[in-house]
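S.K.: Have a look at this one.
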Amino acid sequence: MSTRRTYLAGVSDEPLSQPRIRQAFRSTKLLVGCYVGLSVLTLIAIILLRHHPGIVTDAVWGRVTIVVATSLLMASFAARTARGHRRSYLRLRLASGIMVVAIAVIIALPGAFPLWLKMEQGMCGALLTGVVVIVNGKRMRSAFASQ
């Protein structure tokens, strides 16, 4: 049996060891991992296509850089949340919700970004919507409720 490392502002092991909560952690980490992977692949693509100003604009560089940074932060939040860290859970809830709204704005803005980036952002938004649903679910909230 493995022991969990809890943080000063952490949650006890009991609620975190329930099978449904553990599955929620696995699903969350998988979705965030896919978000990181898609973000990094997009960054690689724009680096390779940097000499095509019709495809890779300054706005694309800025947006993709922000998305990669936030995806890495969310991966950190998800990992620490799975270890019972309450503040990371709150950060994950906030960051995922804010990013879903930001993505919706990016997709809705006419002409600001190329269609291919809006499609990529739509895929990121779908992944993060899954994270939002899981981390704001009743079971997850009750596991991190103040005791």
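Labeling convention for the structure tokens: chains A, B, ... as they appear, residues from 1 per chain, ligands from 1 in order of appearance.
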Just want the 7 Å neighbourhood of range 103-119 of chain A, counted on only C-alpha atoms, with same-chain residues fewer than 3 positions away dropped. Output as a ChimeraX atom specification.

M.R.: /A:55,59-60,99-100,122-123,125

S.K.: Taking N, CA, C and O atoms for each residue, export the selection above as a short mmCIF file (atom, residue, chain, number, x, y, z; two decimals), in the first residue's frame.

M.R.:
data_model
loop_
_atom_site.label_atom_id
_atom_site.label_comp_id
_atom_site.auth_asym_id
_atom_site.auth_seq_id
_atom_site.Cartn_x
_atom_site.Cartn_y
_atom_site.Cartn_z
N ILE A 55 -0.05 32.10 -42.12
CA ILE A 55 -0.45 31.01 -41.22
C ILE A 55 -0.07 31.32 -39.78
O ILE A 55 -0.83 31.07 -38.86
N ALA A 59 -0.17 37.39 -33.47
CA ALA A 59 -1.23 37.00 -32.53
C ALA A 59 -1.18 35.50 -32.23
O ALA A 59 -1.40 35.08 -31.09
N VAL A 60 -0.85 34.70 -33.24
CA VAL A 60 -0.73 33.26 -33.05
C VAL A 60 0.42 32.95 -32.10
O VAL A 60 0.28 32.15 -31.17
N MET A 99 -9.81 29.51 -18.68
CA MET A 99 -9.31 29.16 -20.01
C MET A 99 -10.44 28.77 -20.96
O MET A 99 -10.40 29.09 -22.14
N VAL A 100 -11.47 28.10 -20.46
CA VAL A 100 -12.61 27.76 -21.32
C VAL A 100 -13.29 29.04 -21.82
O VAL A 100 -13.62 29.16 -23.00
N GLY A 122 -10.59 25.12 -30.21
CA GLY A 122 -11.82 24.39 -29.96
C GLY A 122 -11.56 23.02 -29.35
O GLY A 122 -12.26 22.60 -28.42
N MET A 123 -10.51 22.33 -29.84
CA MET A 123 -10.14 21.03 -29.27
C MET A 123 -9.64 21.21 -27.83
O MET A 123 -9.99 20.43 -26.94
N GLY A 125 -10.51 23.61 -25.85
CA GLY A 125 -11.69 23.94 -25.07
C GLY A 125 -12.50 22.71 -24.70
O GLY A 125 -13.03 22.61 -23.58
#

S.K.: Quick one: everything within 12 Å of Ala95 in chain A, counting only C-alpha atoms, minus sequence neighbours fewer than 3 positions away in the same chain. Send it as a PyMOL selection string.

M.R.: chain A and resi 32+67+69-78+87-92+98-103+128-129+131-132+135

S.K.: Would you please work out which residue, of A:Leu127, A:Ala82, A:Val64, A:Ile134, is nearest to Ala45 in chain A when using only C-alpha atoms?

M.R.: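 Among A:Leu127, A:Ala82, A:Val64, A:Ile134, it is A:Val64 that comes nearest to Ala45 in chain A.
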
S.K.: So how far away is CA of Leu43 in chain A from CA of Ala126 in chain A, in Å?

M.R.: 18.7 Å
